[in-house]
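Enquirer: One structure follows; several queries about it will come next.
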Amino acid sequence: MELKGKNAIVTGAARGIGRGIALKLAAAGANVALVDLGSPADRALTYNLSAQTELNRTVEEVKGIGVKAIPILADVTRFADLERMASEVVAKLGAIDILVNNAGIIAFGPVSGLAEEAWDRVMAVNVKGQFLCAKACIPHMMKQSEGAIVNIASVAGKTGHGGISAYCASKFASVGFTQSLAEELGPANIRVNAVCPGYLRTAMWTDVLGPIVGVQYGMNREAAFDEFIARNTFLKREQTPADIGEAVVYLCQAENITGETINVAGGGELH
Ligand code: NAD
């Protein structure tokens with residue numbers, strides 16, 4: 001699919017990987033609707049999400065590339081927000097060709113100590129959010145002769161790890177959801193794929209996992225991240241939001257790939 005002039009929705013786009021995806025889609029010529037919560041506090045989490053100012057700043061960066069970009073405040077767990085999101089994109093950009101389900105959160109803790117509220121919120125954002133966004137966008141995407149949905153899963157959706165059970169369960173679910181939706185939408189020429197990012201220095205690492213691995217390794221969080229990368233990747237380097245953005249652009253363009261899950265992990269995950 002040629003991306004120039006196409007219209008894409010990216011959820012969780014204010015910062016981190018979502019920002020990287022929005023910038024790469026824009027560089028490929030797509031207009032982008034950048035969707036985020038606009039309120040940092042989530043009482044089920046131990047770290048802050050993005051503020052509205054971050055979303056607006058990223059929208060300006062995307063516009064600077066020379067495409068149309070609009071901010072949309074929505075919670076991916078609320079279907080009414082997502083119906084409004086889809087209608088607004090069609091009204092302002094003209095159509096929906098691409099949906100990137102990137103919004104995601106993490107909670108840390110052993111199963112015996114993990115709050116039920118944290119489990120529920122991780123599953124709601126990471127799994128139900130991808131379902132609800134697809135449900136809201138598919139009727140609009142069906143109006144075109146082609147389309148692409150990319151779900152951002154994780155290497156944690158391929159191999160489980162202790163301490164992040166809800167996160168791993170949610171990402172395994174995302175991979176399965178991708179395959180189911182790919183079969184459903186194949187006849188409409190809407191391709192559905194997933195990207196499994198490896199290890200990126202975004203809030204999930206710096207604010208949540210870094211301090212924990214730091215204690216395990218007996219190092220500060222920065223040194224612990226570098227050590228983790230050295231131990232767990234073939235290439236001995238971290239991944240970047242731009243790397244994930246490039247994989248998303250490729251999957252949107254690749255006309256004969258659907259139901260696929262690509263690791264972008266420097267050799268950190270092989271399945
Ligand atoms: P991040 O916390 O920097 O960004 C996540 C964004 O999603 C934030 O802007 C946040 O405000 C938004 N968001 C959270 N809940 C939302 C909701 N209910 N509705 C709308 N927006 C919401 O994290 P990131 O590292 O950029 O993560 C992006 C995606 O990549 C997630 O799905 C994550 O699971 C996945 N991932 C990250 C890594 C990593 O190493 N950072 C690795 C593998 C997968």
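Going by the structure tokens order, chains are called A, B, ..., each with residues numbered from 1, while ligands are numbered from 1 in the order shown.
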Near Val76 in chain A, within 10 Å and counting only C-alpha atoms, which residues show up once chain neighbours fewer than 6 positions away are dropped, as a list in words?

Expert: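 Those residues are Thr11, Gly12, Val35, Asp36, Leu37, Leu82, Met85, Asn101, Ala103, Gly104, Ala124, Val125, Asn126, Val127, Lys128, Gly129, Gln130, Phe131, Leu132 and Cys133 of chain A.
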
Enquirer: Could I get the residue neighbourhood of ligand 1 at 7 Å, counting only C-alpha atoms and all ligand atoms, as number ranges by chain?

Expert: A: 11-18, 35-38, 40, 49-51, 74-77, 102-106, 125-126, 152-156, 196-205

Enquirer: Residues at most 8 Å from Lys24 in chain A, counting only C-alpha atoms, excluding those fewer than 6 positions away in the same chain, as an mmCIF file with all heavy atoms, in the first residue's frame?

Expert:
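out09.cif, freshly written:
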data_model
loop_
_atom_site.group_PDB
_atom_site.id
_atom_site.type_symbol
_atom_site.label_atom_id
_atom_site.label_comp_id
_atom_site.auth_asym_id
_atom_site.auth_seq_id
_atom_site.Cartn_x
_atom_site.Cartn_y
_atom_site.Cartn_z
ATOM 1 N N ALA A 242 12.185 4.868 16.626
ATOM 2 C CA ALA A 242 12.310 4.942 15.163
ATOM 3 C C ALA A 242 12.371 3.545 14.548
ATOM 4 O O ALA A 242 11.782 3.294 13.484
ATOM 5 C CB ALA A 242 13.558 5.749 14.791
ATOM 6 N N GLY A 245 8.883 2.309 14.466
ATOM 7 C CA GLY A 245 8.164 3.052 13.428
ATOM 8 C C GLY A 245 8.465 2.508 12.041
ATOM 9 O O GLY A 245 7.564 2.362 11.202
ATOM 10 N N GLU A 246 9.723 2.178 11.791
ATOM 11 C CA GLU A 246 10.099 1.638 10.471
ATOM 12 C C GLU A 246 9.422 0.289 10.220
ATOM 13 O O GLU A 246 8.961 0.011 9.113
ATOM 14 C CB GLU A 246 11.622 1.473 10.381
ATOM 15 C CG GLU A 246 12.314 2.791 10.065
ATOM 16 C CD GLU A 246 13.825 2.725 10.211
ATOM 17 O OE1 GLU A 246 14.385 1.611 10.348
ATOM 18 O OE2 GLU A 246 14.438 3.806 10.193
ATOM 19 N N VAL A 249 5.773 0.976 9.357
ATOM 20 C CA VAL A 249 5.641 1.475 7.978
ATOM 21 C C VAL A 249 5.764 0.308 7.001
ATOM 22 O O VAL A 249 4.961 0.169 6.071
ATOM 23 C CB VAL A 249 6.710 2.566 7.686
ATOM 24 C CG1 VAL A 249 6.826 2.836 6.194
ATOM 25 C CG2 VAL A 249 6.365 3.853 8.441
#

Enquirer: Could you check the closest approach to Gly109 in chain A for each of A:Gly66, A:Gly162, A:Gly210, A:Gly157 and tell me which residue wins, using only C-alpha atoms?

Expert: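 Of the candidates, the smallest distance to Gly109 in chain A is held by A:Gly162.
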
Enquirer: Please give the complete set of residues from range 142-254 of chain A that DSSP, run on the backbone, assigns to strand (DSSP E), formatted as a list in words.

Expert: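 The strand (DSSP E) residues within range 142-254 of chain A come out as Gly147, Ala148, Ile149, Val150, Asn151, Ile152, Ile190, Arg191, Val192, Asn193, Ala194, Val195, Cys196 and Pro197 of chain A.
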
Enquirer: What are the closest atom pairs, with distances in Å to one decimal, for each residue of range 180-244 of chain A lying within 12 Å of range 264-271 of chain A, using only C-alpha atoms, rows by chain and rising residue number, as a Markdown table?

Expert:
| residue | atom | partner | partner_atom | distance |
| --- | --- | --- | --- | --- |
| A:Ala194 | CA | A:Val264 | CA | 10.6 |
| A:Val195 | CA | A:Val264 | CA | 7.0 |
| A:Cys196 | CA | A:Val264 | CA | 6.0 |
| A:Pro197 | CA | A:Val264 | CA | 4.9 |
| A:Gly198 | CA | A:Ala265 | CA | 3.9 |
| A:Tyr199 | CA | A:Ala265 | CA | 6.7 |
| A:Leu200 | CA | A:Ala265 | CA | 9.2 |
| A:Phe228 | CA | A:Gly268 | CA | 10.4 |
| A:Ile229 | CA | A:Gly268 | CA | 8.5 |
| A:Ala230 | CA | A:Gly268 | CA | 10.1 |
| A:Arg231 | CA | A:Gly268 | CA | 9.2 |
| A:Asn232 | CA | A:Gly268 | CA | 5.5 |
| A:Thr233 | CA | A:Gly268 | CA | 4.3 |
| A:Phe234 | CA | A:Gly267 | CA | 4.8 |
| A:Leu235 | CA | A:Gly266 | CA | 5.3 |
| A:Lys236 | CA | A:Gly266 | CA | 7.4 |
| A:Arg237 | CA | A:Gly266 | CA | 7.0 |
| A:Glu238 | CA | A:Gly266 | CA | 7.4 |
| A:Gln239 | CA | A:Ala265 | CA | 6.5 |
| A:Thr240 | CA | A:Val264 | CA | 9.5 |
| A:Pro241 | CA | A:Val264 | CA | 10.4 |
| A:Ala242 | CA | A:Val264 | CA | 10.9 |
| A:Asp243 | CA | A:Val264 | CA | 7.4 |
| A:Ile244 | CA | A:Val264 | CA | 6.8 |

Enquirer: Write out as a PyMOL selection string all residues of range 18-230 of chain A that backbone DSSP assigns to alpha helix (DSSP H).

Expert: chain A and resi 18-27+52-63+79-93+116-123+129-141+165-185+203+210-217+221-230
